[in-house]
file run_1.cif (mmCIF, C-alpha atoms)
data_protein
loop_
_atom_site.label_atom_id
_atom_site.label_comp_id
_atom_site.auth_asym_id
_atom_site.auth_seq_id
_atom_site.Cartn_x
_atom_site.Cartn_y
_atom_site.Cartn_z
CA MET A 1 105.64 33.50 -24.19
CA THR A 2 102.12 32.68 -25.41
CA CYS A 3 100.64 29.40 -24.21
CA GLU A 4 98.74 27.23 -26.67
CA TYR A 5 95.95 25.04 -25.40
CA SER A 6 94.28 22.04 -26.93
CA PRO A 7 90.73 22.57 -28.21
CA ILE A 8 88.04 22.96 -25.56
CA GLN A 9 86.60 19.66 -24.46
CA ASN A 10 82.90 19.71 -23.69
CA PRO A 11 82.06 18.18 -20.31
CA ASP A 12 81.31 14.48 -20.56
CA ASP A 13 77.55 13.94 -20.67
CA LEU A 14 77.67 11.32 -17.95
CA LEU A 15 79.61 13.64 -15.65
CA LEU A 16 77.13 16.44 -16.27
CA ASP A 17 74.21 14.07 -15.71
CA GLN A 18 75.68 13.04 -12.36
CA LEU A 19 76.44 16.62 -11.34
CA CYS A 20 72.92 17.78 -12.16
CA HIS A 21 71.42 14.78 -10.38
CA ASN A 22 73.42 15.65 -7.27
CA LEU A 23 72.43 19.31 -7.49
CA ALA A 24 68.76 18.33 -7.73
CA GLU A 25 68.92 15.74 -4.94
CA GLN A 26 71.29 17.29 -2.40
CA GLY A 27 72.09 20.79 -3.59
CA TRP A 28 75.78 20.23 -4.35
CA GLY A 29 78.20 18.15 -6.41
CA VAL A 30 81.89 17.84 -7.23
CA LEU A 31 83.64 17.16 -10.53
CA PHE A 32 87.15 15.81 -9.99
CA ASP A 33 89.99 16.52 -12.44
CA PHE A 34 87.57 18.66 -14.42
CA PHE A 35 90.26 20.96 -15.84
CA SER A 36 93.53 20.10 -17.55
CA PRO A 37 96.69 20.21 -15.40
CA VAL A 38 98.28 22.70 -17.83
CA LEU A 39 95.38 25.15 -17.49
CA ILE A 40 95.34 24.77 -13.70
CA GLU A 41 99.06 25.43 -13.50
CA ASP A 42 98.79 28.56 -15.64
CA LEU A 43 95.91 29.91 -13.57
CA ARG A 44 97.80 29.20 -10.36
CA ASN A 45 100.84 31.05 -11.70
CA GLU A 46 98.63 34.05 -12.44
CA VAL A 47 97.52 34.18 -8.80
CA ILE A 48 101.11 33.91 -7.62
CA ASN A 49 102.19 36.71 -9.97
CA HIS A 50 99.36 38.96 -8.83
CA ALA A 51 100.22 38.32 -5.19
CA GLY A 52 103.83 39.28 -5.86
CA SER A 53 102.85 42.55 -7.53
CA THR A 54 100.07 43.62 -5.12
CA GLY A 55 97.51 42.74 -7.79
CA LEU A 56 95.15 41.20 -5.21
CA THR A 57 92.86 43.08 -2.84
CA GLU A 58 91.53 42.23 0.61
CA ALA A 59 88.17 40.50 0.23
CA GLY A 60 85.11 41.98 1.88
CA ILE A 61 81.57 41.03 2.78
CA GLY A 62 78.28 42.64 1.78
CA ARG A 63 77.46 44.61 -1.34
CA GLY A 64 77.05 48.22 -2.30
CA ARG A 65 76.87 50.53 0.71
CA ASP A 66 76.97 47.47 2.99
CA PHE A 67 80.37 46.36 1.72
CA MET A 68 83.08 46.14 4.38
CA VAL A 69 86.36 44.35 5.05
CA ASP A 70 86.09 42.24 8.20
CA PRO A 71 89.06 39.90 8.75
CA SER A 72 87.23 38.23 11.64
CA VAL A 73 84.82 36.80 9.04
CA ARG A 74 86.90 36.58 5.89
CA SER A 75 90.63 36.98 5.32
CA ASP A 76 91.33 35.95 1.73
CA GLN A 77 92.54 38.15 -1.14
CA THR A 78 90.85 38.31 -4.54
CA ARG A 79 91.04 39.55 -8.13
CA TRP A 80 88.14 39.37 -10.59
CA LEU A 81 88.59 37.41 -13.80
CA SER A 82 88.42 39.50 -16.96
CA GLY A 83 89.46 37.04 -19.67
CA GLU A 84 92.56 39.14 -20.29
CA THR A 85 94.92 36.15 -20.56
CA ALA A 86 94.78 32.97 -22.63
CA ALA A 87 94.30 30.88 -19.46
CA GLN A 88 91.44 33.04 -18.18
CA SER A 89 89.78 33.04 -21.59
CA LEU A 90 89.85 29.24 -21.83
CA TYR A 91 88.62 28.85 -18.25
CA LEU A 92 85.66 31.17 -18.91
CA LYS A 93 84.82 29.28 -22.12
CA GLN A 94 84.78 25.99 -20.24
CA MET A 95 82.51 27.48 -17.60
CA GLU A 96 80.24 28.69 -20.40
CA HIS A 97 80.00 25.13 -21.72
CA LEU A 98 79.14 24.03 -18.19
CA ARG A 99 76.46 26.72 -17.92
CA GLN A 100 74.84 25.54 -21.12
CA GLY A 101 74.97 21.90 -20.02
CA ILE A 102 73.36 22.63 -16.66
CA ASN A 103 70.64 24.75 -18.24
CA ARG A 104 69.75 21.95 -20.67
CA ARG A 105 69.26 19.55 -17.78
CA LEU A 106 67.89 21.65 -14.93
CA PHE A 107 66.27 24.62 -16.72
CA LEU A 108 67.70 27.09 -14.20
CA GLY A 109 67.90 29.99 -16.63
CA LEU A 110 71.55 30.63 -15.80
CA ALA A 111 72.55 33.66 -17.87
CA VAL A 112 76.14 34.51 -17.01
CA PHE A 113 79.19 33.42 -15.02
CA GLU A 114 81.46 35.62 -12.93
CA GLY A 115 84.46 34.61 -10.87
CA HIS A 116 87.55 35.79 -9.08
CA PHE A 117 90.89 34.40 -8.05
CA ALA A 118 91.15 33.78 -4.31
CA LEU A 119 94.34 33.48 -2.30
CA TYR A 120 94.27 32.22 1.28
CA GLU A 121 97.58 32.85 2.96
CA PRO A 122 98.47 30.65 5.97
CA GLY A 123 96.07 31.56 8.76
CA SER A 124 93.32 32.75 6.40
CA PHE A 125 89.73 31.45 6.46
CA TYR A 126 86.13 32.31 5.57
CA ALA A 127 83.52 31.84 8.28
CA LYS A 128 80.21 30.06 7.69
CA HIS A 129 77.96 31.99 5.31
CA LYS A 130 75.71 31.80 2.25
CA ASP A 131 76.56 33.38 -1.09
CA SER A 132 73.02 34.57 -1.71
CA PHE A 133 69.86 35.10 0.32
CA ARG A 134 66.51 34.00 -1.03
CA GLY A 135 64.89 36.68 -3.17
CA ALA A 136 67.65 39.22 -2.47
CA ALA A 137 70.18 38.50 -5.21
CA ASN A 138 70.63 36.69 -8.51
CA ARG A 139 73.37 34.18 -7.71
CA VAL A 140 71.96 30.69 -8.31
CA LEU A 141 74.95 28.33 -8.33
CA SER A 142 78.26 28.86 -6.55
CA THR A 143 81.44 27.25 -7.85
CA VAL A 144 84.95 26.75 -6.53
CA THR A 145 87.81 25.65 -8.77
CA TYR A 146 90.91 24.45 -6.95
CA LEU A 147 94.43 25.27 -8.13
CA ASN A 148 96.49 23.64 -5.36
CA PRO A 149 99.01 20.91 -6.25
CA ASP A 150 99.84 18.15 -3.74
CA TRP A 151 97.47 19.42 -1.06
CA ASN A 152 97.70 17.52 2.22
CA ASP A 153 95.01 17.17 4.86
CA LYS A 154 97.32 18.86 7.37
CA ASP A 155 97.30 21.97 5.14
CA GLY A 156 93.65 22.59 6.14
CA GLY A 157 91.61 24.88 3.91
CA GLN A 158 88.81 22.37 3.29
CA LEU A 159 85.44 23.61 2.05
CA ILE A 160 82.69 22.59 4.49
CA LEU A 161 79.10 22.37 3.21
CA PHE A 162 76.14 22.30 5.60
CA ASP A 163 72.78 20.61 5.22
CA PRO A 164 70.12 23.31 4.58
CA GLU A 165 67.61 21.65 6.90
CA SER A 166 69.58 20.24 9.81
CA GLY A 167 72.57 22.56 9.65
CA ALA A 168 74.89 19.58 10.09
CA GLU A 169 78.07 19.20 8.07
CA THR A 170 77.22 17.31 4.91
CA ALA A 171 80.49 17.46 2.97
CA ARG A 172 84.16 18.27 3.52
CA ILE A 173 85.85 18.96 0.19
CA LYS A 174 89.61 18.86 -0.11
CA PRO A 175 91.03 21.68 -2.28
CA GLU A 176 92.75 19.49 -4.85
CA ALA A 177 93.97 20.91 -8.16
CA GLY A 178 91.53 20.53 -11.04
CA SER A 179 88.46 19.79 -8.92
CA LEU A 180 85.29 21.84 -9.26
CA ALA A 181 82.71 22.14 -6.47
CA VAL A 182 79.22 23.39 -7.40
CA PHE A 183 76.38 24.15 -4.96
CA LEU A 184 73.14 26.11 -4.63
CA SER A 185 73.94 29.66 -3.58
CA GLU A 186 70.70 30.33 -1.67
CA GLU A 187 70.46 26.94 0.02
CA ILE A 188 73.92 25.77 1.05
CA ALA A 189 75.77 27.48 3.89
CA HIS A 190 79.49 26.83 3.77
CA GLU A 191 82.84 27.83 5.21
CA VAL A 192 86.52 27.59 4.38
CA LEU A 193 88.60 26.17 7.21
CA THR A 194 91.83 27.89 8.18
CA SER A 195 94.58 27.25 5.65
CA HIS A 196 98.04 26.34 6.88
CA ALA A 197 99.61 26.73 3.43
CA GLN A 198 98.96 29.06 0.51
CA ARG A 199 95.59 28.05 -0.96
CA PHE A 200 94.73 29.05 -4.52
CA SER A 201 91.27 28.86 -6.08
CA ILE A 202 88.71 30.54 -8.30
CA ALA A 203 85.39 31.33 -6.65
CA GLY A 204 82.54 31.86 -9.07
CA TRP A 205 78.81 32.16 -9.55
CA PHE A 206 76.29 31.34 -12.24
CA ARG A 207 73.68 34.07 -12.19
CA VAL A 208 70.28 34.94 -13.59
CA GLY A 209 70.31 38.41 -15.10
CA ASN A 210 73.25 39.99 -16.83
CA LYS A 211 74.68 42.38 -14.26
CA LEU A 212 78.12 41.35 -13.03
CA SER A 213 79.77 42.25 -9.75
CA GLY A 214 83.35 42.62 -10.93
#
call {"tool": "encode", "arguments": {"input": "run_1.cif", "output": "structure tokens"}}
result
Amino acid sequence: MTCEYSPIQNPDDLLLDQLCHNLAEQGWGVLFDFFSPVLIEDLRNEVINHAGSTGLTEAGIGRGRDFMVDPSVRSDQTRWLSGETAAQSLYLKQMEHLRQGINRRLFLGLAVFEGHFALYEPGSFYAKHKDSFRGAANRVLSTVTYLNPDWNDKDGGQLILFDPESGAETARIKPEAGSLAVFLSEEIAHEVLTSHAQRFSIAGWFRVGNKLSG
């Protein structure tokens, strides 16, 4: 059955203003209920279907010849978005609107978005790390879109952000469905605490340059 979605809604200017202000001032921001519940549900169902058909792969660390799977650092499973379904296509279009809105305000020169589904089974985590190292890559902004309904604090899986100067915890973001976390890839170290329930999300990056990873 083909799903039909309502027309794309551009992000509210006030929300984008606040997000960009937070990015400029503290290096991170969160948009709550940014995506429609219908879209979130369809994306979550895609992850579930891929997990049931071995359509996810063990996530690794490093790139190119340095790539390796190390479950002591990272134990989630992933699948790159391709836009092959109606839900993925709409999600990527909304992220494109977000890219344009951020560029108009912060002049970051963001050229392209890439992202992948991420499944954290109970017991899975991602140790403290950065998504990009200064001057070594072209990821500028990292994003996490949450697909988890009725998430409880006891389920764990929170995203922890660390202050780039002091190294102290600066934010603890609950993985609630429809929320979008955005932070500077080179500046903000972060980790995903151990999940005690299945945790579904889309991890993504706005990049300069046009070469994608997936």
call {"tool": "closest_residue", "arguments": {"input": "run_1.cif", "among": "A:Ala168, A:Ala127, A:Ile160, A:Cys20", "to": "Val144 in chain A", "atoms": "only C-alpha atoms"}}
result
A:Ile160
call {"tool": "resolve_selection", "arguments": {"input": "run_1.cif", "expression": "the PyMOL selection byres ((chain A and resi 193) around 10)", "output": "list in words"}}
result
Gly123, Ser124, Phe125, Tyr126, Ala127, Lys128, Asp155, Gly156, Gly157, Gln158, Leu159, Ile160, Arg172, His190, Glu191, Val192, Thr194, Ser195 and His196 of chain A
call {"tool": "resolve_selection", "arguments": {"input": "run_1.cif", "expression": "the PyMOL selection byres ((chain A and resi 178) around 8)", "output": "ChimeraX atom specification"}}
result
/A:32-37,40,145-147,176-177,179-180
call {"tool": "atom_distance", "arguments": {"input": "run_1.cif", "atom1": "CA of Tyr91 in chain A", "atom2": "CA of Leu43 in chain A"}}
result
8.7 Å
call {"tool": "residues_around", "arguments": {"input": "run_1.cif", "residues": "range 102-107 of chain A", "least_positions_apart": "5", "cutoff": "8 Å", "atoms": "all atoms listed in the file", "output": "PyMOL selection string"}}
result
chain A and resi 16-17+20+24
call {"tool": "write_last_selection", "arguments": {"input": "run_1.cif", "atoms": "C-alpha atoms", "output": "PDB file, in the frame of the given file"}}
result
ATOM      1  CA  LEU A  16      77.130  16.440 -16.270  1.00  0.00           C
ATOM      2  CA  ASP A  17      74.210  14.070 -15.710  1.00  0.00           C
ATOM      3  CA  CYS A  20      72.920  17.780 -12.160  1.00  0.00           C
ATOM      4  CA  ALA A  24      68.760  18.330  -7.730  1.00  0.00           C
TER       5      ALA A  24
END
call {"tool": "residues_near_point", "arguments": {"input": "run_1.cif", "point": "(91.0, 30.6, -6.4)", "cutoff": "9 Å", "atoms": "all atoms listed in the file", "output": "short mmCIF file (atom, residue, chain, number, x, y, z; two decimals) with C-alpha atoms, keeping the file's coordinate frame"}}
result
data_model
loop_
_atom_site.label_atom_id
_atom_site.label_comp_id
_atom_site.auth_asym_id
_atom_site.auth_seq_id
_atom_site.Cartn_x
_atom_site.Cartn_y
_atom_site.Cartn_z
CA LEU A 43 95.91 29.91 -13.57
CA ARG A 44 97.80 29.20 -10.36
CA VAL A 47 97.52 34.18 -8.80
CA THR A 78 90.85 38.31 -4.54
CA GLY A 115 84.46 34.61 -10.87
CA HIS A 116 87.55 35.79 -9.08
CA PHE A 117 90.89 34.40 -8.05
CA ALA A 118 91.15 33.78 -4.31
CA LEU A 119 94.34 33.48 -2.30
CA TYR A 120 94.27 32.22 1.28
CA VAL A 144 84.95 26.75 -6.53
CA THR A 145 87.81 25.65 -8.77
CA TYR A 146 90.91 24.45 -6.95
CA LEU A 147 94.43 25.27 -8.13
CA ASN A 148 96.49 23.64 -5.36
CA ARG A 199 95.59 28.05 -0.96
CA PHE A 200 94.73 29.05 -4.52
CA SER A 201 91.27 28.86 -6.08
CA ILE A 202 88.71 30.54 -8.30
CA ALA A 203 85.39 31.33 -6.65
CA GLY A 204 82.54 31.86 -9.07
#
call {"tool": "atom_distance", "arguments": {"input": "run_1.cif", "atom1": "CA of Glu96 in chain A", "atom2": "CA of Arg74 in chain A"}}
result
28.2 Å
call {"tool": "atom_distance", "arguments": {"input": "run_1.cif", "atom1": "CA of Gln77 in chain A", "atom2": "CA of Leu39 in chain A"}}
result
21.1 Å
call {"tool": "closest_atom_pairs", "arguments": {"input": "run_1.cif", "of": "range 82-120 of chain A", "to": "range 11-15 of chain A", "cutoff": "9 Å", "atoms": "all atoms listed in the file", "output": "JSON lines"}}
result
{"residue": "A:Gln94", "atom": "CA", "partner": "A:Pro11", "partner_atom": "CA", "distance": 8.3}
{"residue": "A:His97", "atom": "CA", "partner": "A:Pro11", "partner_atom": "CA", "distance": 7.4}
{"residue": "A:Leu98", "atom": "CA", "partner": "A:Pro11", "partner_atom": "CA", "distance": 6.9}
{"residue": "A:Gly101", "atom": "CA", "partner": "A:Pro11", "partner_atom": "CA", "distance": 8.0}
call {"tool": "resolve_selection", "arguments": {"input": "run_1.cif", "expression": "the PyMOL selection byres ((chain A and resi 110) around 6)", "output": "VMD selection string"}}
result
chain A and resid 108 to 109 111 206 to 208
call {"tool": "residues_around", "arguments": {"input": "run_1.cif", "residues": "range 184-187 of chain A", "least_positions_apart": "2", "cutoff": "12 Å", "atoms": "only C-alpha atoms", "output": "PyMOL selection string"}}
result
chain A and resi 20+22-29+108+129-144+161-167+181-182+189-190+203-208
call {"tool": "closest_residue", "arguments": {"input": "run_1.cif", "among": "A:Ala171, A:Gly209, A:Val30, A:Asp42", "to": "Ser89 in chain A", "atoms": "all atoms listed in the file"}}
result
A:Asp42
call {"tool": "build_atoms", "arguments": {"input": "run_1.cif", "residues": "range 20-31 of chain A", "atoms": "all heavy atoms", "output": "compact mmCIF listing (two decimals), in the frame of the given file"}}
result
# COMPACT_ATOMS: atom_id res chain seq x y z
N CYS A 20 74.27 17.20 -12.24
CA CYS A 20 72.92 17.78 -12.16
C CYS A 20 72.00 16.95 -11.28
O CYS A 20 71.14 17.50 -10.58
CB CYS A 20 72.35 17.94 -13.57
SG CYS A 20 73.19 19.24 -14.52
N HIS A 21 72.18 15.64 -11.30
CA HIS A 21 71.42 14.78 -10.38
C HIS A 21 71.74 15.13 -8.93
O HIS A 21 70.83 15.26 -8.10
CB HIS A 21 71.75 13.31 -10.65
CG HIS A 21 71.15 12.38 -9.64
ND1 HIS A 21 69.83 11.99 -9.66
CD2 HIS A 21 71.70 11.76 -8.55
CE1 HIS A 21 69.58 11.18 -8.64
NE2 HIS A 21 70.70 11.03 -7.96
N ASN A 22 73.02 15.31 -8.64
CA ASN A 22 73.42 15.65 -7.27
C ASN A 22 72.91 17.03 -6.87
O ASN A 22 72.49 17.24 -5.72
CB ASN A 22 74.94 15.60 -7.14
CG ASN A 22 75.48 14.18 -7.18
OD1 ASN A 22 74.76 13.22 -6.93
ND2 ASN A 22 76.75 14.05 -7.52
N LEU A 23 72.96 17.98 -7.79
CA LEU A 23 72.43 19.31 -7.49
C LEU A 23 70.94 19.24 -7.17
O LEU A 23 70.46 19.90 -6.24
CB LEU A 23 72.67 20.26 -8.66
CG LEU A 23 74.11 20.73 -8.87
CD1 LEU A 23 74.23 21.49 -10.19
CD2 LEU A 23 74.56 21.61 -7.72
N ALA A 24 70.20 18.44 -7.95
CA ALA A 24 68.76 18.33 -7.73
C ALA A 24 68.43 17.60 -6.44
O ALA A 24 67.48 17.96 -5.73
CB ALA A 24 68.11 17.62 -8.92
N GLU A 25 69.22 16.58 -6.10
CA GLU A 25 68.92 15.74 -4.94
C GLU A 25 69.46 16.30 -3.63
O GLU A 25 68.81 16.21 -2.59
CB GLU A 25 69.48 14.33 -5.16
CG GLU A 25 68.79 13.55 -6.25
CD GLU A 25 67.32 13.28 -5.92
OE1 GLU A 25 67.04 12.89 -4.76
OE2 GLU A 25 66.47 13.46 -6.81
N GLN A 26 70.67 16.88 -3.65
CA GLN A 26 71.29 17.29 -2.40
C GLN A 26 71.80 18.73 -2.39
O GLN A 26 72.25 19.23 -1.37
CB GLN A 26 72.46 16.36 -2.06
CG GLN A 26 73.59 16.37 -3.10
CD GLN A 26 74.63 15.29 -2.87
OE1 GLN A 26 74.38 14.29 -2.19
NE2 GLN A 26 75.83 15.48 -3.42
N GLY A 27 71.72 19.39 -3.53
CA GLY A 27 72.09 20.79 -3.59
C GLY A 27 73.55 21.07 -3.87
O GLY A 27 73.96 22.23 -3.91
N TRP A 28 74.36 20.02 -4.09
CA TRP A 28 75.78 20.23 -4.35
C TRP A 28 76.35 19.03 -5.10
O TRP A 28 75.76 17.94 -5.10
CB TRP A 28 76.57 20.44 -3.06
CG TRP A 28 76.56 19.26 -2.11
CD1 TRP A 28 75.60 18.97 -1.18
CD2 TRP A 28 77.52 18.22 -2.05
NE1 TRP A 28 75.91 17.80 -0.53
CE2 TRP A 28 77.09 17.33 -1.03
CE3 TRP A 28 78.71 17.95 -2.72
CZ2 TRP A 28 77.82 16.18 -0.70
CZ3 TRP A 28 79.43 16.81 -2.39
CH2 TRP A 28 78.97 15.94 -1.38
N GLY A 29 77.49 19.23 -5.73
CA GLY A 29 78.20 18.15 -6.41
C GLY A 29 79.63 18.57 -6.67
O GLY A 29 79.98 19.75 -6.61
N VAL A 30 80.48 17.59 -6.97
CA VAL A 30 81.89 17.84 -7.23
C VAL A 30 82.30 17.09 -8.49
O VAL A 30 81.97 15.91 -8.66
CB VAL A 30 82.78 17.38 -6.05
CG1 VAL A 30 84.26 17.68 -6.36
CG2 VAL A 30 82.37 18.07 -4.75
N LEU A 31 83.02 17.78 -9.37
CA LEU A 31 83.64 17.16 -10.53
C LEU A 31 85.15 17.13 -10.28
O LEU A 31 85.77 18.18 -10.11
CB LEU A 31 83.33 17.95 -11.80
CG LEU A 31 81.86 17.99 -12.23
CD1 LEU A 31 81.69 18.93 -13.43
CD2 LEU A 31 81.35 16.61 -12.57
